[in-house]
file my_file.cif (mmCIF, C-alpha atoms (C1' of nucleotides))
data_data
#
loop_
_atom_site.label_atom_id
_atom_site.label_comp_id
_atom_site.auth_asym_id
_atom_site.auth_seq_id
_atom_site.Cartn_x
_atom_site.Cartn_y
_atom_site.Cartn_z
CA MET A 1 16.17 16.46 -4.75
CA VAL A 2 19.38 14.55 -5.56
CA LEU A 3 20.48 12.81 -2.37
CA THR A 4 24.00 11.93 -1.27
CA ALA A 5 24.63 8.35 -0.20
CA ALA A 6 24.46 9.35 3.47
CA GLN A 7 21.21 11.27 2.95
CA ASN A 8 19.78 8.28 1.13
CA ARG A 9 20.52 6.05 4.11
CA VAL A 10 18.73 8.49 6.41
CA VAL A 11 15.67 8.79 4.17
CA THR A 12 15.41 5.03 3.61
CA ALA A 13 15.62 4.31 7.34
CA ALA A 14 13.12 7.09 8.06
CA LEU A 15 10.56 5.74 5.57
CA GLU A 16 10.76 2.27 7.08
CA LEU A 17 10.31 3.63 10.62
CA PHE A 18 7.55 6.07 9.64
CA ALA A 19 5.61 3.12 8.24
CA ARG A 20 6.11 1.11 11.43
CA HIS A 21 5.59 3.77 14.09
CA GLY A 22 4.17 6.81 12.31
CA VAL A 23 6.05 10.07 11.78
CA GLY A 24 5.26 11.36 15.26
CA GLY A 25 6.30 8.06 16.81
CA THR A 26 9.70 8.05 15.13
CA SER A 27 12.63 9.76 16.86
CA LEU A 28 15.99 10.78 15.46
CA GLN A 29 17.54 8.29 17.85
CA MET A 30 15.54 5.49 16.21
CA ILE A 31 16.67 6.62 12.75
CA ALA A 32 20.29 6.79 13.92
CA ASP A 33 20.07 3.32 15.49
CA GLU A 34 18.52 1.89 12.31
CA ILE A 35 21.49 3.15 10.26
CA GLY A 36 24.03 2.32 12.95
CA VAL A 37 25.33 5.84 13.63
CA THR A 38 24.75 8.48 16.29
CA LYS A 39 22.13 11.21 16.30
CA ALA A 40 24.79 13.85 15.60
CA ALA A 41 25.70 12.10 12.36
CA VAL A 42 22.06 12.27 11.26
CA TYR A 43 21.92 15.96 12.13
CA HIS A 44 24.93 16.53 9.89
CA GLN A 45 22.74 15.47 6.93
CA TYR A 46 19.54 17.28 7.92
CA ASN A 47 19.29 20.15 10.39
CA THR A 48 15.81 19.32 11.71
CA LYS A 49 13.43 16.41 11.90
CA ASP A 50 11.04 18.30 9.61
CA GLU A 51 13.66 18.35 6.87
CA ILE A 52 13.94 14.57 7.11
CA VAL A 53 10.18 14.18 6.93
CA LEU A 54 10.03 16.46 3.90
CA ALA A 55 12.87 14.63 2.14
CA ALA A 56 11.20 11.28 2.84
CA ALA A 57 7.83 12.51 1.56
CA GLU A 58 9.42 13.98 -1.57
CA THR A 59 11.26 10.73 -2.24
CA GLU A 60 7.97 8.86 -2.24
CA LEU A 61 6.42 11.56 -4.42
CA ALA A 62 9.32 11.22 -6.88
CA ARG A 63 8.52 7.53 -7.33
CA LEU A 64 4.94 8.40 -8.27
CA GLU A 65 6.10 11.22 -10.55
CA ALA A 66 8.37 8.80 -12.42
CA VAL A 67 5.36 6.58 -13.11
CA VAL A 68 3.36 9.60 -14.31
CA GLU A 69 6.22 10.64 -16.60
CA VAL A 70 6.45 7.25 -18.26
CA ALA A 71 2.67 7.16 -18.75
CA GLU A 72 2.68 10.60 -20.36
CA ARG A 73 4.98 9.33 -23.09
CA ALA A 74 2.52 6.61 -24.14
CA PRO A 75 1.30 6.83 -27.76
CA SER A 76 -2.41 7.18 -26.94
CA ALA A 77 -4.66 8.37 -24.16
CA LYS A 78 -5.82 4.83 -23.49
CA ALA A 79 -2.28 3.46 -23.41
CA ALA A 80 -1.28 6.28 -21.07
CA ARG A 81 -4.11 5.52 -18.68
CA ASP A 82 -3.29 1.82 -18.63
CA ALA A 83 0.39 2.51 -18.03
CA LEU A 84 -0.42 4.89 -15.18
CA VAL A 85 -2.74 2.46 -13.43
CA GLU A 86 -0.28 -0.41 -13.79
CA GLY A 87 2.56 1.75 -12.46
CA MET A 88 0.51 2.90 -9.48
CA VAL A 89 -0.52 -0.65 -8.65
CA ASP A 90 3.08 -1.84 -8.88
CA LEU A 91 4.26 0.95 -6.57
CA ALA A 92 1.59 0.07 -4.03
CA VAL A 93 2.20 -3.69 -4.15
CA GLU A 94 5.97 -3.25 -3.87
CA GLY A 95 5.59 -1.02 -0.82
CA ARG A 96 2.68 -2.96 0.70
CA ARG A 97 3.47 -2.33 4.32
CA THR A 98 4.83 1.19 3.87
CA VAL A 99 2.98 3.16 1.16
CA GLY A 100 -0.39 3.36 2.87
CA SER A 101 0.65 4.50 6.31
CA ILE A 102 3.09 7.06 4.96
CA LEU A 103 0.61 8.54 2.46
CA ASN A 104 -2.05 8.78 5.17
CA ASP A 105 0.12 9.98 8.03
CA PRO A 106 -1.34 13.28 9.27
CA VAL A 107 2.10 14.90 9.34
CA ILE A 108 2.82 13.96 5.71
CA VAL A 109 -0.70 15.00 4.67
CA GLY A 110 -0.03 18.36 6.29
CA PHE A 111 3.29 18.74 4.48
CA PHE A 112 1.68 18.00 1.12
CA GLU A 113 -1.31 20.28 1.68
CA ASP A 114 0.46 23.39 0.42
CA HIS A 115 3.16 21.56 -1.51
CA ALA A 116 3.03 22.80 -5.11
CA PRO A 117 4.97 19.87 -6.65
CA PHE A 118 2.59 17.40 -4.98
CA ARG A 119 -0.45 19.19 -6.37
CA ARG A 120 1.14 19.32 -9.84
CA VAL A 121 1.76 15.56 -9.84
CA MET A 122 -1.81 14.95 -8.68
CA THR A 123 -3.17 17.14 -11.50
CA ARG A 124 -1.09 15.35 -14.13
CA LEU A 125 -2.29 12.05 -12.72
CA ARG A 126 -5.92 13.13 -12.88
CA THR A 127 -5.46 14.37 -16.46
CA LEU A 128 -4.03 11.00 -17.51
CA LEU A 129 -6.96 9.20 -15.92
CA LEU A 130 -9.87 11.35 -17.00
CA GLY A 131 -8.65 13.93 -19.53
CA ASP A 132 -9.10 17.68 -19.14
CA ASP A 133 -12.20 17.39 -16.98
CA SER A 134 -11.24 18.97 -13.66
CA GLY A 135 -14.77 19.03 -12.25
CA PRO A 136 -15.81 17.67 -8.84
CA GLU A 137 -16.74 14.22 -10.18
CA ALA A 138 -13.41 13.76 -11.92
CA ARG A 139 -11.52 14.81 -8.79
CA ALA A 140 -13.60 12.49 -6.63
CA GLN A 141 -13.01 9.56 -8.98
CA THR A 142 -9.26 10.22 -8.95
CA ALA A 143 -9.21 10.39 -5.15
CA ILE A 144 -11.16 7.15 -4.93
CA LEU A 145 -8.81 5.29 -7.25
CA ILE A 146 -5.70 6.49 -5.41
CA ALA A 147 -7.21 5.63 -2.03
CA ALA A 148 -8.35 2.19 -3.17
CA ILE A 149 -4.94 1.23 -4.55
CA SER A 150 -2.77 2.66 -1.78
CA GLY A 151 -5.06 1.63 1.06
CA ALA A 152 -6.12 -1.86 0.04
CA VAL A 153 -2.59 -3.26 0.03
CA MET A 154 -2.32 -2.57 3.78
CA HIS A 155 -5.54 -4.25 4.88
CA PRO A 156 -5.19 -7.38 7.06
CA PHE A 157 -7.56 -9.17 4.66
CA VAL A 158 -4.86 -9.22 1.98
CA ALA A 159 -1.89 -9.83 4.27
CA ASP A 160 -1.61 -13.48 3.19
CA LEU A 161 -2.24 -12.86 -0.51
CA ASP A 162 0.79 -13.07 -2.79
CA ASP A 163 1.83 -10.03 -4.80
CA LYS A 164 0.70 -11.46 -8.13
CA LEU A 165 -2.88 -12.11 -7.05
CA LEU A 166 -3.14 -8.79 -5.23
CA ARG A 167 -1.89 -7.02 -8.34
CA GLU A 168 -4.47 -8.74 -10.52
CA GLN A 169 -7.33 -7.86 -8.18
CA LEU A 170 -6.28 -4.21 -8.03
CA LEU A 171 -6.03 -3.97 -11.81
CA ARG A 172 -9.45 -5.59 -12.21
CA MET A 173 -10.91 -3.10 -9.75
CA ALA A 174 -9.26 -0.12 -11.49
CA ARG A 175 -10.54 -1.21 -14.90
CA ARG A 176 -14.04 -1.58 -13.54
CA LEU A 177 -13.88 1.80 -11.87
CA LEU A 178 -12.68 3.62 -14.98
CA SER A 179 -14.90 1.88 -17.55
CA MET B 180 -17.05 -0.79 26.41
CA VAL B 181 -19.54 1.51 28.16
CA LEU B 182 -17.74 4.77 28.89
CA THR B 183 -18.35 7.21 31.73
CA ALA B 184 -18.85 10.86 30.81
CA ALA B 185 -15.25 11.65 31.80
CA GLN B 186 -13.90 8.72 29.79
CA ASN B 187 -15.95 9.87 26.82
CA ARG B 188 -14.36 13.31 26.99
CA VAL B 189 -10.89 11.73 26.98
CA VAL B 190 -11.64 9.42 24.05
CA THR B 191 -13.29 12.17 21.98
CA ALA B 192 -10.36 14.53 22.51
CA ALA B 193 -7.91 11.72 21.76
CA LEU B 194 -9.60 10.81 18.46
CA GLU B 195 -9.51 14.44 17.30
CA LEU B 196 -5.81 14.77 18.19
CA PHE B 197 -4.85 11.37 16.73
CA ALA B 198 -6.36 12.50 13.43
CA ARG B 199 -4.43 15.77 13.51
CA HIS B 200 -1.04 14.59 14.78
CA GLY B 201 -1.08 10.80 14.63
CA VAL B 202 -1.12 8.54 17.69
CA GLY B 203 2.64 8.80 18.22
CA GLY B 204 2.51 12.57 17.86
CA THR B 205 -0.19 12.99 20.51
CA SER B 206 0.85 13.37 24.15
CA LEU B 207 -1.23 13.05 27.30
CA GLN B 208 -0.55 16.72 27.94
CA MET B 209 -2.19 17.57 24.59
CA ILE B 210 -5.24 15.46 25.47
CA ALA B 211 -5.47 17.07 28.92
CA ASP B 212 -5.18 20.57 27.40
CA GLU B 213 -7.88 19.77 24.81
CA ILE B 214 -10.31 18.82 27.60
CA GLY B 215 -9.14 21.60 29.91
CA VAL B 216 -7.85 19.47 32.79
CA THR B 217 -4.42 18.30 33.99
CA LYS B 218 -2.56 15.15 33.00
CA ALA B 219 -3.29 13.59 36.40
CA ALA B 220 -7.02 13.89 35.77
CA VAL B 221 -6.61 12.00 32.49
CA TYR B 222 -4.59 9.31 34.27
CA HIS B 223 -7.44 8.87 36.70
CA GLN B 224 -9.58 7.62 33.78
CA TYR B 225 -6.96 5.49 32.03
CA ASN B 226 -3.77 4.17 33.63
CA THR B 227 -1.64 4.24 30.46
CA LYS B 228 -1.58 5.89 27.07
CA ASP B 229 -2.07 2.48 25.46
CA GLU B 230 -5.40 2.11 27.25
CA ILE B 231 -6.54 5.42 25.78
CA VAL B 232 -5.46 4.37 22.28
CA LEU B 233 -7.30 1.06 22.64
CA ALA B 234 -10.47 2.74 23.96
CA ALA B 235 -10.37 5.23 21.08
CA ALA B 236 -9.86 2.50 18.48
CA GLU B 237 -12.67 0.41 19.95
CA THR B 238 -14.99 3.41 19.94
CA GLU B 239 -14.44 3.83 16.21
CA LEU B 240 -14.88 0.08 15.70
CA ALA B 241 -18.18 0.23 17.60
CA ARG B 242 -19.51 2.79 15.12
CA LEU B 243 -18.75 0.43 12.24
CA GLU B 244 -20.21 -2.53 14.13
CA ALA B 245 -23.47 -0.64 14.63
CA VAL B 246 -23.72 -0.14 10.86
CA VAL B 247 -23.03 -3.84 10.31
CA GLU B 248 -25.72 -4.79 12.83
CA VAL B 249 -28.37 -2.65 11.16
CA ALA B 250 -27.47 -4.09 7.76
CA GLU B 251 -27.72 -7.66 9.05
CA ARG B 252 -31.35 -7.06 9.96
CA ALA B 253 -32.28 -6.15 6.37
CA PRO B 254 -34.94 -8.38 4.75
CA SER B 255 -32.80 -9.57 1.84
CA ALA B 256 -29.14 -10.03 0.94
CA LYS B 257 -29.32 -7.21 -1.57
CA ALA B 258 -30.98 -4.84 0.90
CA ALA B 259 -28.36 -5.75 3.49
CA ARG B 260 -25.52 -5.01 1.10
CA ASP B 261 -27.00 -1.66 0.15
CA ALA B 262 -27.58 -0.72 3.77
CA LEU B 263 -24.00 -1.65 4.68
CA VAL B 264 -22.45 0.37 1.87
CA GLU B 265 -24.62 3.39 2.65
CA GLY B 266 -23.76 3.18 6.33
CA MET B 267 -20.03 2.89 5.64
CA VAL B 268 -20.13 5.86 3.26
CA ASP B 269 -22.03 7.94 5.81
CA LEU B 270 -19.51 7.10 8.54
CA ALA B 271 -16.62 8.08 6.27
CA VAL B 272 -18.20 11.32 5.06
CA GLU B 273 -19.17 12.36 8.61
CA GLY B 274 -15.64 11.79 9.85
CA ARG B 275 -13.91 13.07 6.70
CA ARG B 276 -10.81 14.47 8.35
CA THR B 277 -10.53 11.83 11.06
CA VAL B 278 -11.56 8.36 9.86
CA GLY B 279 -8.79 7.82 7.34
CA SER B 280 -5.79 8.82 9.40
CA ILE B 281 -7.01 6.91 12.45
CA LEU B 282 -7.79 3.72 10.52
CA ASN B 283 -4.38 3.84 8.83
CA ASP B 284 -2.27 4.89 11.81
CA PRO B 285 0.44 2.25 12.30
CA VAL B 286 -0.22 2.11 16.04
CA ILE B 287 -3.94 1.48 15.56
CA VAL B 288 -3.23 -1.03 12.79
CA GLY B 289 -0.94 -2.85 15.23
CA PHE B 290 -3.60 -2.85 17.95
CA PHE B 291 -6.19 -4.31 15.59
CA GLU B 292 -3.86 -6.94 14.14
CA ASP B 293 -4.56 -9.49 16.89
CA HIS B 294 -7.84 -7.94 18.02
CA ALA B 295 -10.53 -10.64 17.80
CA PRO B 296 -13.55 -8.26 17.83
CA PHE B 297 -12.03 -6.29 14.95
CA ARG B 298 -11.55 -9.42 12.88
CA ARG B 299 -15.09 -10.57 13.67
CA VAL B 300 -16.58 -7.27 12.47
CA MET B 301 -14.47 -7.45 9.30
CA THR B 302 -15.70 -10.98 8.60
CA ARG B 303 -19.33 -10.00 9.11
CA LEU B 304 -18.77 -7.04 6.80
CA ARG B 305 -17.26 -9.24 4.11
CA THR B 306 -20.12 -11.73 4.42
CA LEU B 307 -22.68 -8.95 3.93
CA LEU B 308 -20.84 -7.73 0.83
CA LEU B 309 -20.02 -10.99 -0.91
CA GLY B 310 -21.78 -13.86 0.87
CA ASP B 311 -20.04 -16.90 2.28
CA ASP B 312 -17.14 -16.73 -0.16
CA SER B 313 -14.07 -16.19 2.02
CA GLY B 314 -11.53 -16.78 -0.76
CA PRO B 315 -8.65 -14.47 -1.69
CA GLU B 316 -10.64 -12.56 -4.32
CA ALA B 317 -13.50 -11.85 -1.94
CA ARG B 318 -11.12 -10.65 0.75
CA ALA B 319 -9.26 -8.45 -1.73
CA GLN B 320 -12.50 -6.91 -2.98
CA THR B 321 -13.59 -6.16 0.57
CA ALA B 322 -10.25 -4.56 1.40
CA ILE B 323 -10.44 -2.45 -1.76
CA LEU B 324 -13.93 -1.18 -0.97
CA ILE B 325 -13.05 -0.29 2.62
CA ALA B 326 -9.84 1.45 1.53
CA ALA B 327 -11.58 3.38 -1.25
CA ILE B 328 -14.33 4.68 1.01
CA SER B 329 -12.22 5.49 4.07
CA GLY B 330 -9.26 6.88 2.12
CA ALA B 331 -10.95 8.93 -0.59
CA VAL B 332 -12.70 11.26 1.87
CA MET B 333 -9.30 12.50 3.10
CA HIS B 334 -7.77 13.31 -0.27
CA PRO B 335 -7.05 17.01 -0.99
CA PHE B 336 -8.88 16.59 -4.32
CA VAL B 337 -12.21 16.29 -2.49
CA ALA B 338 -11.50 18.85 0.25
CA ASP B 339 -13.77 21.45 -1.37
CA LEU B 340 -16.56 19.03 -2.31
CA ASP B 341 -19.70 19.19 -0.20
CA ASP B 342 -20.81 16.11 1.73
CA LYS B 343 -23.77 15.39 -0.52
CA LEU B 344 -21.76 15.22 -3.74
CA LEU B 345 -18.96 13.23 -2.10
CA ARG B 346 -21.51 10.77 -0.78
CA GLU B 347 -23.06 10.32 -4.23
CA GLN B 348 -19.71 9.71 -5.87
CA LEU B 349 -18.71 7.13 -3.26
CA LEU B 350 -22.02 5.27 -3.63
CA ARG B 351 -21.68 5.28 -7.42
CA MET B 352 -18.17 3.85 -7.09
CA ALA B 353 -19.29 1.16 -4.63
CA ARG B 354 -22.15 0.09 -6.86
CA ARG B 355 -19.83 -0.16 -9.83
CA LEU B 356 -17.30 -2.13 -7.83
CA LEU B 357 -19.85 -4.65 -6.54
CA SER B 358 -21.85 -5.13 -9.74
"C1'" DG C 359 31.22 12.19 8.11
"C1'" DT C 360 31.31 10.51 12.53
"C1'" DC C 361 31.98 10.84 17.40
"C1'" DT C 362 31.21 12.31 22.82
"C1'" DA C 363 28.95 15.27 25.70
"C1'" DT C 364 25.56 18.28 26.94
"C1'" DA C 365 21.45 21.72 27.18
"C1'" DG C 366 16.70 22.47 28.04
"C1'" DA C 367 12.07 20.94 27.05
"C1'" DC C 368 8.79 17.46 27.18
"C1'" DC C 369 7.55 12.57 27.79
"C1'" DG C 370 4.70 8.89 30.49
"C1'" DA C 371 3.65 7.93 34.97
"C1'" DT C 372 3.02 8.36 40.25
"C1'" DA C 373 2.16 10.32 45.14
"C1'" DG C 374 -0.72 12.52 47.93
"C1'" DA C 375 -3.96 16.57 49.15
"C1'" DC C 376 -8.69 18.28 48.53
"C1'" DG D 377 -12.66 13.76 39.81
"C1'" DT D 378 -9.37 17.16 39.91
"C1'" DC D 379 -5.36 19.36 41.57
"C1'" DT D 380 0.11 20.42 42.54
"C1'" DA D 381 4.45 18.56 42.49
"C1'" DT D 382 7.73 15.47 41.17
"C1'" DC D 383 10.41 11.31 39.21
"C1'" DG D 384 13.44 9.21 35.74
"C1'" DG D 385 13.79 8.98 31.00
"C1'" DT D 386 13.72 10.53 26.20
"C1'" DC D 387 13.10 14.23 23.00
"C1'" DT D 388 15.19 17.71 19.51
"C1'" DA D 389 19.09 20.17 18.80
"C1'" DT D 390 23.94 22.08 19.42
"C1'" DA D 391 29.12 22.46 20.47
"C1'" DG D 392 33.35 20.94 19.48
"C1'" DA D 393 37.01 17.10 18.77
"C1'" DC D 394 38.80 13.77 15.32
#

call {"tool": "encode", "arguments": {"input": "my_file.cif", "output": "structure tokens"}}
result
Amino acid sequence: MVLTAAQNRVVTAALELFARHGVGGTSLQMIADEIGVTKAAVYHQYNTKDEIVLAAAETELARLEAVVEVAERAPSAKAARDALVEGMVDLAVEGRRTVGSILNDPVIVGFFEDHAPFRRVMTRLRTLLLGDDSGPEARAQTAILIAAISGAVMHPFVADLDDKLLREQLLRMARRLLS
Amino acid sequence: MVLTAAQNRVVTAALELFARHGVGGTSLQMIADEIGVTKAAVYHQYNTKDEIVLAAAETELARLEAVVEVAERAPSAKAARDALVEGMVDLAVEGRRTVGSILNDPVIVGFFEDHAPFRRVMTRLRTLLLGDDSGPEARAQTAILIAAISGAVMHPFVADLDDKLLREQLLRMARRLLS
DNA sequence: GTCTATAGACCGATAGAC
DNA sequence: GTCTATCGGTCTATAGAC
């Protein structure tokens, strides 16, 4: 998962376009145009469109995993949970227009369905939030928190809110949900 | 917005395919195949793909509007709020695999951005939840609740949960968020 | 690592018969 | 309301030069 500079340009352009047009609505020509090269140059980095989609999805997953890793090193369970929630909120607010549509794109959802690393990150995340309880209620609560954070930042109702206020509201909601 | 039987078949097939492949990843040929007719027959109902997307989006919006309308007839503000939340949860749980990806599809989001009826329904929804307060915090809270409900039902963590338990968890979350 | 050029399939959309 | 047939354009992907 270490990308060359050229691969990084492809993945960055792809993520931006996926967020704007969806995965299915993004062509290799559009990615090439966004970078300023030809399609053939893109194909030299990745042999198929699916490989680009996978690399883009895994790049986003890596960002979340980094947040999980930092949280796991916190000195207490409570500190770990707080660090995780703050990190997730920051990721979502930073990528306001992109995170939600990419995470919910049916193609990406399909890729992650049988993706072991994705499931492992989700399990670590759930453990940080709610401890070793892996029952239905704990899984539902985790899903709700993830959906609320990643989805709310995209809603037209918050389009004119500044990042600071949006961040505060999301943290307040998360605290209330986990109390 | 009253659809003929043939138009209804097109919109229903389109919604199913949009959820599975995204709007951009769904072709008119796929819609025609799903119904069991040719592309030309689909074009006889709608002149462009955009018209199909709009009709599909408005059909989903109409379902939400119906829930809002029922809630508005409740005898008290509290009863109205409860009815709205229950109706939204039921809509999301019924359409588990479809609601989230359609609501978050970049193409649909773009269609709704300047769509006056959509904004009107959202405002009525926010008023039912939080009264006449249209400030940033109220809008953020509304966005969070909508995102949590519509997004959580799609998460792999709840894929094996039955509808009843998922419904209970979502209602518990909503109550906690609005208390 | 980037280019030009191309192959073959599929795209949205239309014409016209039944 | 559905069909066959077709248009021009774009799609993913490849070959081969620099």

call {"tool": "atom_distance", "arguments": {"input": "my_file.cif", "atom1": "CA of Thr123 in chain A", "atom2": "CA of Arg346 in chain B"}}
result
22.2 Å

call {"tool": "resolve_selection", "arguments": {"input": "my_file.cif", "expression": "the PyMOL selection byres ((chain D) within 12 of (chain A))", "output": "ChimeraX atom specification"}}
result
/D:386-392

call {"tool": "write_last_selection", "arguments": {"input": "my_file.cif", "atoms": "C-alpha atoms (C1' of nucleotides)", "output": "PDB file, in the coordinates of the input"}}
result
ATOM      1  C1'  DT D 386      13.720  10.530  26.200  1.00  0.00           C
ATOM      2  C1'  DC D 387      13.100  14.230  23.000  1.00  0.00           C
ATOM      3  C1'  DT D 388      15.190  17.710  19.510  1.00  0.00           C
ATOM      4  C1'  DA D 389      19.090  20.170  18.800  1.00  0.00           C
ATOM      5  C1'  DT D 390      23.940  22.080  19.420  1.00  0.00           C
ATOM      6  C1'  DA D 391      29.120  22.460  20.470  1.00  0.00           C
ATOM      7  C1'  DG D 392      33.350  20.940  19.480  1.00  0.00           C
TER       8       DG D 392
END

call {"tool": "interface_residues", "arguments": {"input": "my_file.cif", "of": "chain C", "to": "chain A", "cutoff": "10 Å", "atoms": "only C-alpha atoms (C1' of nucleotides)", "output": "list in words"}}
result
DG359, DT360, DC361 and DT362 of chain C

call {"tool": "resolve_selection", "arguments": {"input": "my_file.cif", "expression": "the PyMOL selection byres ((chain B) within 6 of (chain A))", "output": "mmCIF file with C-alpha atoms, keeping the file's coordinate frame"}}
result
data_model
loop_
_atom_site.group_PDB
_atom_site.id
_atom_site.type_symbol
_atom_site.label_atom_id
_atom_site.label_comp_id
_atom_site.auth_asym_id
_atom_site.auth_seq_id
_atom_site.Cartn_x
_atom_site.Cartn_y
_atom_site.Cartn_z
ATOM 1 C CA ARG B 199 -4.430 15.770 13.510
ATOM 2 C CA HIS B 200 -1.040 14.590 14.780
ATOM 3 C CA GLY B 201 -1.080 10.800 14.630
ATOM 4 C CA GLY B 203 2.640 8.800 18.220
ATOM 5 C CA GLY B 204 2.510 12.570 17.860
ATOM 6 C CA SER B 280 -5.790 8.820 9.400
ATOM 7 C CA ASN B 283 -4.380 3.840 8.830
ATOM 8 C CA PRO B 285 0.440 2.250 12.300
ATOM 9 C CA ARG B 318 -11.120 -10.650 0.750
ATOM 10 C CA ALA B 319 -9.260 -8.450 -1.730
ATOM 11 C CA ALA B 322 -10.250 -4.560 1.400
ATOM 12 C CA ILE B 323 -10.440 -2.450 -1.760
ATOM 13 C CA ALA B 326 -9.840 1.450 1.530
ATOM 14 C CA ALA B 327 -11.580 3.380 -1.250
ATOM 15 C CA GLY B 330 -9.260 6.880 2.120
ATOM 16 C CA ALA B 331 -10.950 8.930 -0.590
ATOM 17 C CA HIS B 334 -7.770 13.310 -0.270
ATOM 18 C CA PHE B 336 -8.880 16.590 -4.320
ATOM 19 C CA VAL B 337 -12.210 16.290 -2.490
#

call {"tool": "residues_around", "arguments": {"input": "my_file.cif", "residues": "DA375 in chain C", "least_positions_apart": "3", "cutoff": "12 Å", "atoms": "all atoms listed in the file", "output": "ChimeraX atom specification"}}
result
/D:378-381

call {"tool": "resolve_selection", "arguments": {"input": "my_file.cif", "expression": "the PyMOL selection byres ((chain A and resi 35) around 8)", "output": "PDB file with C-alpha atoms, in the coordinates of the input"}}
result
ATOM      1  CA  ARG A   9      20.520   6.050   4.110  1.00  0.00           C
ATOM      2  CA  VAL A  10      18.730   8.490   6.410  1.00  0.00           C
ATOM      3  CA  ALA A  13      15.620   4.310   7.340  1.00  0.00           C
ATOM      4  CA  ILE A  31      16.670   6.620  12.750  1.00  0.00           C
ATOM      5  CA  ALA A  32      20.290   6.790  13.920  1.00  0.00           C
ATOM      6  CA  ASP A  33      20.070   3.320  15.490  1.00  0.00           C
ATOM      7  CA  GLU A  34      18.520   1.890  12.310  1.00  0.00           C
ATOM      8  CA  GLY A  36      24.030   2.320  12.950  1.00  0.00           C
ATOM      9  CA  VAL A  37      25.330   5.840  13.630  1.00  0.00           C
TER      10      VAL A  37
END

call {"tool": "residues_around", "arguments": {"input": "my_file.cif", "residues": "range 253-265 of chain B", "least_positions_apart": "3", "cutoff": "8 Å", "atoms": "only C-alpha atoms (C1' of nucleotides)", "output": "PyMOL selection string"}}
result
chain B and resi 246-247+249-250+268-269+304+307-308+350+353

call {"tool": "atom_distance", "arguments": {"input": "my_file.cif", "atom1": "CA of Gly266 in chain B", "atom2": "CA of Ala241 in chain B"}}
result
12.9 Å

call {"tool": "atom_distance", "arguments": {"input": "my_file.cif", "atom1": "CA of Arg252 in chain B", "atom2": "CA of Glu237 in chain B"}}
result
22.5 Å

call {"tool": "build_atoms", "arguments": {"input": "my_file.cif", "residues": "range 113-122 of chain A", "atoms": "N, CA, C and O atoms", "output": "PDB file, keeping the file's coordinate frame"}}
result
ATOM      1  N   GLU A 113      -0.133  19.445   1.887  1.00  0.00           N
ATOM      2  CA  GLU A 113      -1.310  20.280   1.680  1.00  0.00           C
ATOM      3  C   GLU A 113      -1.004  21.524   0.843  1.00  0.00           C
ATOM      4  O   GLU A 113      -1.745  21.863  -0.076  1.00  0.00           O
ATOM      5  N   ASP A 114       0.089  22.176   1.161  1.00  0.00           N
ATOM      6  CA  ASP A 114       0.460  23.390   0.420  1.00  0.00           C
ATOM      7  C   ASP A 114       1.723  23.165  -0.397  1.00  0.00           C
ATOM      8  O   ASP A 114       2.494  24.090  -0.640  1.00  0.00           O
ATOM      9  N   HIS A 115       1.927  21.937  -0.805  1.00  0.00           N
ATOM     10  CA  HIS A 115       3.160  21.560  -1.510  1.00  0.00           C
ATOM     11  C   HIS A 115       2.872  21.571  -3.005  1.00  0.00           C
ATOM     12  O   HIS A 115       2.245  20.660  -3.531  1.00  0.00           O
ATOM     13  N   ALA A 116       3.360  22.604  -3.689  1.00  0.00           N
ATOM     14  CA  ALA A 116       3.030  22.800  -5.110  1.00  0.00           C
ATOM     15  C   ALA A 116       3.415  21.594  -5.980  1.00  0.00           C
ATOM     16  O   ALA A 116       2.605  21.153  -6.802  1.00  0.00           O
ATOM     17  N   PRO A 117       4.623  21.025  -5.828  1.00  0.00           N
ATOM     18  CA  PRO A 117       4.970  19.870  -6.650  1.00  0.00           C
ATOM     19  C   PRO A 117       4.005  18.697  -6.466  1.00  0.00           C
ATOM     20  O   PRO A 117       3.648  18.026  -7.437  1.00  0.00           O
ATOM     21  N   PHE A 118       3.564  18.472  -5.227  1.00  0.00           N
ATOM     22  CA  PHE A 118       2.590  17.400  -4.980  1.00  0.00           C
ATOM     23  C   PHE A 118       1.308  17.658  -5.762  1.00  0.00           C
ATOM     24  O   PHE A 118       0.793  16.761  -6.447  1.00  0.00           O
ATOM     25  N   ARG A 119       0.802  18.865  -5.677  1.00  0.00           N
ATOM     26  CA  ARG A 119      -0.450  19.190  -6.370  1.00  0.00           C
ATOM     27  C   ARG A 119      -0.285  19.063  -7.885  1.00  0.00           C
ATOM     28  O   ARG A 119      -1.206  18.623  -8.580  1.00  0.00           O
ATOM     29  N   ARG A 120       0.904  19.443  -8.387  1.00  0.00           N
ATOM     30  CA  ARG A 120       1.140  19.320  -9.840  1.00  0.00           C
ATOM     31  C   ARG A 120       1.111  17.863 -10.275  1.00  0.00           C
ATOM     32  O   ARG A 120       0.513  17.524 -11.300  1.00  0.00           O
ATOM     33  N   VAL A 121       1.761  16.985  -9.492  1.00  0.00           N
ATOM     34  CA  VAL A 121       1.760  15.560  -9.840  1.00  0.00           C
ATOM     35  C   VAL A 121       0.340  15.008  -9.814  1.00  0.00           C
ATOM     36  O   VAL A 121      -0.069  14.252 -10.698  1.00  0.00           O
ATOM     37  N   MET A 122      -0.426  15.418  -8.802  1.00  0.00           N
ATOM     38  CA  MET A 122      -1.810  14.950  -8.680  1.00  0.00           C
ATOM     39  C   MET A 122      -2.647  15.399  -9.891  1.00  0.00           C
ATOM     40  O   MET A 122      -3.479  14.657 -10.409  1.00  0.00           O
TER      41      MET A 122
END
